[in-house]
Amino acid sequence: MNDAQQLYAAMGATPVINALGERTMLGGSSPAPAVLDAMQTAGRYYVDMDELLVSTGDLVASWLQCEAALITPGCAAALLVGTAACLTGTDSAKMDQLPDTTGLKSEIVIQKAQRYKYDRVVRLPGTRLVEAGSATGTTAAELAAAIGPNTAAVLYPTTDPPGDLVSIQDAIAIAHQHGVPIIVDAAYRVFPLEGLKQYTDWGADLVGYGGKYFGAPNSSGLLCGRKDLIDAARLHGFASFEKYEAKGIGRPLKIDRQEVVGVVTALRLWLDMDHAQRHADAARRSRNLRSALEAVPHLELPADGDDIQMVTLAVRPDTSALDKSVEDISNALQNGNPSIWLWTANDTLYFYMHTVVDGDEAIIAQRLKEVLGS
């Protein structure tokens, strides 16, 4: 048992080999040593948190070439305070009123096929979702018709659901034609790097990102966009609640100084990173796993491909010969110690290797062999 396993054992928790990806429920990310060093250094002094959020927001905005930015405790928090900003602006009386939206524009329009579990976040300030179109798609006319005098914003999640949808560029144009802002949930759209800039370039008023996807702490995120709305979102936050007694709705959404510094450091590293090498490292682990499984019967393995293709290894078991479903296999891997998490679809096991630590691919191979009885 290594030191990390001993630590988790002492905490009564089971360590996980993460072949699933940067998921909140698994701790999000493993910040690089430079990020952890910067966070530790930041702990030497206290700081005016509102001042730090303003200055770091200016830095992030300059790097991402948007009007303004705000570091938040996660993308969900970014969407919440961003939505609140659209409802109240900087009007303190309106801020204090939430989640009572009486007299405020409080409807958020979303294409029906884009409904997803995270749209609950934008309802927390007291809004009501208005669906445009049907579960199979939305036309431009239907989206425009859903926008009315009580519309506070349009929400556009970038989750690629099925259906014939109004594109994000067209949705931005329609929202602006009706004088309402559009909020984009781009939580994981941090690579290719243009995903960090293109939505505000296209005219999105607010865009939320999850910090874990670019190597920042799990409990961090970004809100980017129009300066007036970012200023209002910051007033809804914990620091303004304390410093200015601004009665925003975001007081529970606290982030500490070390995390803010970690976000800035991680983003700078992400923007400067050799992503080809990052993919190559993940592909190497994938090829190691593939090689270790080649002699295992009743497994269909993919042909070797380029590094991007090999980042995720798709392993297809012959479930009839093994008398086990892919869910049985996945559950058995997950129930071990260390636990191994992956995802399944179409009778296939998918191992995402960006979040697998060097050497752990050998453990995955050995455990999979044991589960299959090989």
# chains A, B, ... in the order shown; residues from 1 in each chain; ligands from 1

call {"tool": "residues_around", "arguments": {"residues": "segment 300-316 of chain A", "least_positions_apart": "3", "cutoff": "9 Å", "atoms": "only C-alpha atoms", "output": "ChimeraX atom specification"}}
result
/A:19,276,279-287,289-290,293-294,297,319,326,346-354

call {"tool": "write_last_selection", "arguments": {"atoms": "N, CA and C atoms", "output": "PDB file, in the first residue's frame"}}
result
ATOM      1  N   ALA A  19     -10.223   6.544 -14.940  1.00  0.00           N
ATOM      2  CA  ALA A  19     -10.201   6.413 -16.398  1.00  0.00           C
ATOM      3  C   ALA A  19     -11.517   6.923 -16.986  1.00  0.00           C
ATOM      4  N   ALA A 276       0.250  18.708 -27.692  1.00  0.00           N
ATOM      5  CA  ALA A 276       0.602  17.505 -28.451  1.00  0.00           C
ATOM      6  C   ALA A 276       1.323  16.513 -27.543  1.00  0.00           C
ATOM      7  N   HIS A 279      -1.214  14.879 -25.157  1.00  0.00           N
ATOM      8  CA  HIS A 279      -1.916  13.777 -25.813  1.00  0.00           C
ATOM      9  C   HIS A 279      -0.998  12.564 -25.973  1.00  0.00           C
ATOM     10  N   ALA A 280       0.266  12.822 -26.309  1.00  0.00           N
ATOM     11  CA  ALA A 280       1.208  11.720 -26.501  1.00  0.00           C
ATOM     12  C   ALA A 280       1.413  10.931 -25.216  1.00  0.00           C
ATOM     13  N   ASP A 281       1.462  11.621 -24.095  1.00  0.00           N
ATOM     14  CA  ASP A 281       1.626  10.937 -22.806  1.00  0.00           C
ATOM     15  C   ASP A 281       0.418  10.046 -22.503  1.00  0.00           C
ATOM     16  N   ALA A 282      -0.790  10.575 -22.752  1.00  0.00           N
ATOM     17  CA  ALA A 282      -1.992   9.775 -22.522  1.00  0.00           C
ATOM     18  C   ALA A 282      -2.049   8.597 -23.485  1.00  0.00           C
ATOM     19  N   ALA A 283      -1.665   8.820 -24.745  1.00  0.00           N
ATOM     20  CA  ALA A 283      -1.678   7.754 -25.746  1.00  0.00           C
ATOM     21  C   ALA A 283      -0.672   6.661 -25.402  1.00  0.00           C
ATOM     22  N   ARG A 284       0.453   7.043 -24.818  1.00  0.00           N
ATOM     23  CA  ARG A 284       1.448   6.044 -24.407  1.00  0.00           C
ATOM     24  C   ARG A 284       0.861   5.118 -23.345  1.00  0.00           C
ATOM     25  N   ARG A 285       0.168   5.687 -22.381  1.00  0.00           N
ATOM     26  CA  ARG A 285      -0.469   4.853 -21.355  1.00  0.00           C
ATOM     27  C   ARG A 285      -1.540   3.955 -21.983  1.00  0.00           C
ATOM     28  N   SER A 286      -2.260   4.500 -22.940  1.00  0.00           N
ATOM     29  CA  SER A 286      -3.284   3.725 -23.633  1.00  0.00           C
ATOM     30  C   SER A 286      -2.665   2.553 -24.386  1.00  0.00           C
ATOM     31  N   ARG A 287      -1.561   2.808 -25.072  1.00  0.00           N
ATOM     32  CA  ARG A 287      -0.900   1.730 -25.820  1.00  0.00           C
ATOM     33  C   ARG A 287      -0.335   0.681 -24.866  1.00  0.00           C
ATOM     34  N   LEU A 289      -1.667  -0.159 -22.034  1.00  0.00           N
ATOM     35  CA  LEU A 289      -2.830  -0.951 -21.626  1.00  0.00           C
ATOM     36  C   LEU A 289      -3.254  -1.897 -22.741  1.00  0.00           C
ATOM     37  N   ARG A 290      -3.275  -1.399 -23.943  1.00  0.00           N
ATOM     38  CA  ARG A 290      -3.654  -2.227 -25.086  1.00  0.00           C
ATOM     39  C   ARG A 290      -2.705  -3.416 -25.227  1.00  0.00           C
ATOM     40  N   LEU A 293      -3.271  -6.170 -22.774  1.00  0.00           N
ATOM     41  CA  LEU A 293      -4.536  -6.903 -22.947  1.00  0.00           C
ATOM     42  C   LEU A 293      -4.579  -7.735 -24.220  1.00  0.00           C
ATOM     43  N   GLU A 294      -3.554  -7.645 -25.048  1.00  0.00           N
ATOM     44  CA  GLU A 294      -3.600  -8.293 -26.361  1.00  0.00           C
ATOM     45  C   GLU A 294      -3.808  -9.800 -26.282  1.00  0.00           C
ATOM     46  N   PRO A 297      -8.225 -13.446 -23.972  1.00  0.00           N
ATOM     47  CA  PRO A 297      -9.280 -13.910 -24.895  1.00  0.00           C
ATOM     48  C   PRO A 297     -10.579 -13.136 -24.718  1.00  0.00           C
ATOM     49  N   THR A 319     -19.351 -10.408 -24.609  1.00  0.00           N
ATOM     50  CA  THR A 319     -20.133 -10.626 -23.391  1.00  0.00           C
ATOM     51  C   THR A 319     -20.830 -11.980 -23.368  1.00  0.00           C
ATOM     52  N   VAL A 326     -20.999  -5.551 -19.968  1.00  0.00           N
ATOM     53  CA  VAL A 326     -19.987  -4.517 -19.737  1.00  0.00           C
ATOM     54  C   VAL A 326     -20.261  -3.811 -18.411  1.00  0.00           C
ATOM     55  N   ASN A 346     -22.539   1.120 -25.771  1.00  0.00           N
ATOM     56  CA  ASN A 346     -22.514   0.254 -26.958  1.00  0.00           C
ATOM     57  C   ASN A 346     -21.706  -1.024 -26.727  1.00  0.00           C
ATOM     58  N   ASP A 347     -21.893  -1.649 -25.537  1.00  0.00           N
ATOM     59  CA  ASP A 347     -21.200  -2.900 -25.184  1.00  0.00           C
ATOM     60  C   ASP A 347     -19.686  -2.753 -25.217  1.00  0.00           C
ATOM     61  N   THR A 348     -19.200  -1.577 -24.879  1.00  0.00           N
ATOM     62  CA  THR A 348     -17.768  -1.289 -24.931  1.00  0.00           C
ATOM     63  C   THR A 348     -17.331  -0.615 -23.637  1.00  0.00           C
ATOM     64  N   LEU A 349     -16.129  -0.963 -23.185  1.00  0.00           N
ATOM     65  CA  LEU A 349     -15.486  -0.315 -22.043  1.00  0.00           C
ATOM     66  C   LEU A 349     -14.571   0.783 -22.580  1.00  0.00           C
ATOM     67  N   TYR A 350     -14.696   1.987 -22.053  1.00  0.00           N
ATOM     68  CA  TYR A 350     -13.879   3.110 -22.516  1.00  0.00           C
ATOM     69  C   TYR A 350     -12.972   3.575 -21.380  1.00  0.00           C
ATOM     70  N   PHE A 351     -11.668   3.563 -21.644  1.00  0.00           N
ATOM     71  CA  PHE A 351     -10.677   3.997 -20.669  1.00  0.00           C
ATOM     72  C   PHE A 351     -10.049   5.303 -21.162  1.00  0.00           C
ATOM     73  N   TYR A 352     -10.353   6.400 -20.462  1.00  0.00           N
ATOM     74  CA  TYR A 352      -9.842   7.725 -20.817  1.00  0.00           C
ATOM     75  C   TYR A 352      -8.526   7.915 -20.071  1.00  0.00           C
ATOM     76  N   MET A 353      -7.443   8.073 -20.824  1.00  0.00           N
ATOM     77  CA  MET A 353      -6.126   7.939 -20.216  1.00  0.00           C
ATOM     78  C   MET A 353      -5.469   9.259 -19.802  1.00  0.00           C
ATOM     79  N   HIS A 354      -6.111  10.392 -20.104  1.00  0.00           N
ATOM     80  CA  HIS A 354      -5.547  11.660 -19.642  1.00  0.00           C
ATOM     81  C   HIS A 354      -5.523  11.733 -18.121  1.00  0.00           C
TER      82      HIS A 354
END

call {"tool": "select_by_dssp", "arguments": {"residues": "segment 228-300 of chain A", "states": "helix (DSSP H, G or I)", "output": "PyMOL selection string"}}
result
chain A and resi 228-235+238-243+257-272+275-293

call {"tool": "closest_residue", "arguments": {"among": "A:Ala9, A:Ala113, A:Val81, A:Ala61", "to": "Pro125 of chain A", "atoms": "only C-alpha atoms"}}
result
A:Val81

call {"tool": "closest_residue", "arguments": {"among": "A:Thr355, A:Thr159, A:Ser55, A:Thr138", "to": "Gly28 of chain A", "atoms": "only C-alpha atoms"}}
result
A:Thr355

call {"tool": "residues_around", "arguments": {"residues": "segment 240-242 of chain A", "least_positions_apart": "5", "cutoff": "12 Å", "atoms": "only C-alpha atoms", "output": "list in words"}}
result
Asp48, Met49, Asp50, Glu51, Leu52, Leu53, Val54, Thr90, Ser92, Met95, Asp96, Asp231, Ala232, Ala233, Arg234, Leu235, Lys247, Gly248, Ile249, Gly250, Arg251, Pro252, Leu253 and Lys254 of chain A

call {"tool": "closest_residue", "arguments": {"among": "A:Leu299, A:Ala145, A:Asp274, A:Asp256", "to": "Asp318 of chain A", "atoms": "only C-alpha atoms"}}
result
A:Leu299

call {"tool": "atom_distance", "arguments": {"atom1": "atom CA of Leu322 of chain A", "atom2": "atom CA of Val356 of chain A"}}
result
26.2 Å

call {"tool": "closest_residue", "arguments": {"among": "A:Gly359, A:Gly133, A:Gly373, A:Gly82", "to": "Asp323 of chain A", "atoms": "only C-alpha atoms"}}
result
A:Gly373

call {"tool": "residues_around", "arguments": {"residues": "segment 150-156 of chain A", "least_positions_apart": "4", "cutoff": "9 Å", "atoms": "only C-alpha atoms", "output": "list in words"}}
result
Thr83, Cys86, Leu87, Leu104, Lys105, Ser106, Glu107, Ile108, Val109, Ile110, Gln111, Gln114, Asp119, Val122, Thr127, Val130, Ala146, Ile168, Ala171, Ile172, Ala175, Val180, Pro181, Ile182, Ile183, Val184, Asp185 and Ala186 of chain A

call {"tool": "write_last_selection", "arguments": {"atoms": "C-alpha atoms", "output": "PDB file, in the first residue's frame"}}
result
ATOM      1  CA  THR A  83     -27.926  34.579 -14.210  1.00  0.00           C
ATOM      2  CA  CYS A  86     -28.923  39.375 -15.799  1.00  0.00           C
ATOM      3  CA  LEU A  87     -31.879  39.687 -13.409  1.00  0.00           C
ATOM      4  CA  LEU A 104     -38.230  41.521 -12.460  1.00  0.00           C
ATOM      5  CA  LYS A 105     -37.661  39.959 -15.825  1.00  0.00           C
ATOM      6  CA  SER A 106     -37.176  36.388 -14.709  1.00  0.00           C
ATOM      7  CA  GLU A 107     -37.627  33.988 -17.612  1.00  0.00           C
ATOM      8  CA  ILE A 108     -34.693  32.095 -19.077  1.00  0.00           C
ATOM      9  CA  VAL A 109     -35.237  30.731 -22.579  1.00  0.00           C
ATOM     10  CA  ILE A 110     -33.661  27.407 -23.562  1.00  0.00           C
ATOM     11  CA  GLN A 111     -34.191  25.155 -26.555  1.00  0.00           C
ATOM     12  CA  GLN A 114     -30.999  21.328 -24.727  1.00  0.00           C
ATOM     13  CA  ASP A 119     -30.196  24.022 -15.991  1.00  0.00           C
ATOM     14  CA  VAL A 122     -29.956  29.004 -13.455  1.00  0.00           C
ATOM     15  CA  THR A 127     -36.140  32.209 -12.569  1.00  0.00           C
ATOM     16  CA  VAL A 130     -39.191  28.747 -21.015  1.00  0.00           C
ATOM     17  CA  ALA A 146     -40.093  32.123 -26.967  1.00  0.00           C
ATOM     18  CA  ILE A 168     -24.990  29.196 -31.083  1.00  0.00           C
ATOM     19  CA  ALA A 171     -28.972  32.061 -31.101  1.00  0.00           C
ATOM     20  CA  ILE A 172     -26.698  34.954 -30.126  1.00  0.00           C
ATOM     21  CA  ALA A 175     -31.151  37.076 -28.497  1.00  0.00           C
ATOM     22  CA  VAL A 180     -31.581  40.110 -24.178  1.00  0.00           C
ATOM     23  CA  PRO A 181     -28.225  38.596 -23.179  1.00  0.00           C
ATOM     24  CA  ILE A 182     -27.174  35.012 -23.851  1.00  0.00           C
ATOM     25  CA  ILE A 183     -25.420  32.830 -21.282  1.00  0.00           C
ATOM     26  CA  VAL A 184     -23.237  30.007 -22.628  1.00  0.00           C
ATOM     27  CA  ASP A 185     -22.385  26.979 -20.512  1.00  0.00           C
ATOM     28  CA  ALA A 186     -19.026  25.998 -22.023  1.00  0.00           C
TER      29      ALA A 186
END

call {"tool": "closest_atom_pairs", "arguments": {"of": "segment 250-281 of chain A", "to": "segment 191-210 of chain A", "cutoff": "12 Å", "atoms": "only C-alpha atoms", "output": "Markdown table"}}
result
| residue | atom | partner | partner_atom | distance |
| --- | --- | --- | --- | --- |
| A:Val263 | CA | A:Gly210 | CA | 10.1 |
| A:Ala266 | CA | A:Gly210 | CA | 11.9 |
| A:Leu267 | CA | A:Leu196 | CA | 10.3 |
| A:Arg268 | CA | A:Leu193 | CA | 11.9 |
| A:Trp270 | CA | A:Leu193 | CA | 8.6 |
| A:Leu271 | CA | A:Leu193 | CA | 7.2 |
| A:Asp272 | CA | A:Leu193 | CA | 10.1 |
| A:Met273 | CA | A:Leu193 | CA | 10.3 |
| A:Asp274 | CA | A:Leu193 | CA | 11.6 |
| A:His275 | CA | A:Phe191 | CA | 9.0 |
| A:Ala276 | CA | A:Pro192 | CA | 11.0 |
| A:Arg278 | CA | A:Phe191 | CA | 11.7 |
| A:His279 | CA | A:Phe191 | CA | 11.5 |

call {"tool": "write_last_selection", "arguments": {"atoms": "C-alpha atoms", "output": "PDB file, in the first residue's frame"}}
result
ATOM      1  CA  VAL A 263      -6.783  29.126 -11.267  1.00  0.00           C
ATOM      2  CA  ALA A 266      -3.259  26.693 -14.114  1.00  0.00           C
ATOM      3  CA  LEU A 267      -4.780  28.801 -16.897  1.00  0.00           C
ATOM      4  CA  ARG A 268      -1.412  30.299 -17.765  1.00  0.00           C
ATOM      5  CA  TRP A 270      -2.781  25.538 -20.015  1.00  0.00           C
ATOM      6  CA  LEU A 271      -2.450  28.326 -22.542  1.00  0.00           C
ATOM      7  CA  ASP A 272       1.314  27.751 -22.839  1.00  0.00           C
ATOM      8  CA  MET A 273       1.226  23.944 -22.682  1.00  0.00           C
ATOM      9  CA  ASP A 274       2.503  21.577 -25.365  1.00  0.00           C
ATOM     10  CA  HIS A 275      -0.828  19.843 -25.842  1.00  0.00           C
ATOM     11  CA  ALA A 276       0.602  17.505 -28.451  1.00  0.00           C
ATOM     12  CA  ARG A 278      -0.046  15.944 -23.318  1.00  0.00           C
ATOM     13  CA  HIS A 279      -1.916  13.777 -25.813  1.00  0.00           C
TER      14      HIS A 279
END

call {"tool": "closest_residue", "arguments": {"among": "A:Lys324, A:Arg257, A:Arg128, A:His176", "to": "Ala42 of chain A", "atoms": "only C-alpha atoms"}}
result
A:Arg257

call {"tool": "atom_distance", "arguments": {"atom1": "atom CA of Trp343 of chain A", "atom2": "atom CA of Ser291 of chain A"}}
result
20.3 Å

call {"tool": "atom_distance", "arguments": {"atom1": "atom CA of Gly57 of chain A", "atom2": "atom CA of His236 of chain A"}}
result
15.2 Å

call {"tool": "select_by_dssp", "arguments": {"residues": "segment 26-214 of chain A", "states": "strand (DSSP E or B)", "output": "PyMOL selection string"}}
result
chain A and resi 68-72+107-111+128-132+134+137+151-157+164+182-185+206-210

call {"tool": "write_last_selection", "arguments": {"atoms": "C-alpha atoms", "output": "PDB file, in the first residue's frame"}}
result
ATOM      1  CA  ALA A  68     -14.032  41.020 -18.275  1.00  0.00           C
ATOM      2  CA  ALA A  69     -13.741  37.842 -16.238  1.00  0.00           C
ATOM      3  CA  LEU A  70     -14.436  36.575 -12.743  1.00  0.00           C
ATOM      4  CA  ILE A  71     -12.947  33.565 -10.976  1.00  0.00           C
ATOM      5  CA  THR A  72     -15.733  31.582  -9.332  1.00  0.00           C
ATOM      6  CA  GLU A 107     -37.627  33.988 -17.612  1.00  0.00           C
ATOM      7  CA  ILE A 108     -34.693  32.095 -19.077  1.00  0.00           C
ATOM      8  CA  VAL A 109     -35.237  30.731 -22.579  1.00  0.00           C
ATOM      9  CA  ILE A 110     -33.661  27.407 -23.562  1.00  0.00           C
ATOM     10  CA  GLN A 111     -34.191  25.155 -26.555  1.00  0.00           C
ATOM     11  CA  ARG A 128     -38.485  30.128 -14.707  1.00  0.00           C
ATOM     12  CA  LEU A 129     -37.306  28.238 -17.772  1.00  0.00           C
ATOM     13  CA  VAL A 130     -39.191  28.747 -21.015  1.00  0.00           C
ATOM     14  CA  GLU A 131     -38.693  25.997 -23.590  1.00  0.00           C
ATOM     15  CA  ALA A 132     -38.387  26.807 -27.285  1.00  0.00           C
ATOM     16  CA  SER A 134     -39.564  20.467 -29.231  1.00  0.00           C
ATOM     17  CA  GLY A 137     -35.294  20.461 -32.451  1.00  0.00           C
ATOM     18  CA  THR A 151     -37.129  37.252 -20.725  1.00  0.00           C
ATOM     19  CA  ALA A 152     -33.979  37.916 -18.719  1.00  0.00           C
ATOM     20  CA  ALA A 153     -31.591  35.808 -20.816  1.00  0.00           C
ATOM     21  CA  VAL A 154     -31.184  32.893 -23.188  1.00  0.00           C
ATOM     22  CA  LEU A 155     -29.233  29.866 -21.906  1.00  0.00           C
ATOM     23  CA  TYR A 156     -27.140  27.882 -24.393  1.00  0.00           C
ATOM     24  CA  PRO A 157     -25.374  24.754 -23.089  1.00  0.00           C
ATOM     25  CA  ASP A 164     -31.967  20.031 -35.170  1.00  0.00           C
ATOM     26  CA  ILE A 182     -27.174  35.012 -23.851  1.00  0.00           C
ATOM     27  CA  ILE A 183     -25.420  32.830 -21.282  1.00  0.00           C
ATOM     28  CA  VAL A 184     -23.237  30.007 -22.628  1.00  0.00           C
ATOM     29  CA  ASP A 185     -22.385  26.979 -20.512  1.00  0.00           C
ATOM     30  CA  LEU A 206     -21.568  35.526 -20.443  1.00  0.00           C
ATOM     31  CA  VAL A 207     -19.630  32.251 -20.728  1.00  0.00           C
ATOM     32  CA  GLY A 208     -18.948  29.783 -17.906  1.00  0.00           C
ATOM     33  CA  TYR A 209     -16.022  27.337 -17.696  1.00  0.00           C
ATOM     34  CA  GLY A 210     -14.972  24.677 -15.178  1.00  0.00           C
TER      35      GLY A 210
END

call {"tool": "closest_residue", "arguments": {"among": "A:Gln277, A:Gln177, A:Gln40, A:Thr14", "to": "Gln258 of chain A", "atoms": "only C-alpha atoms"}}
result
A:Gln40
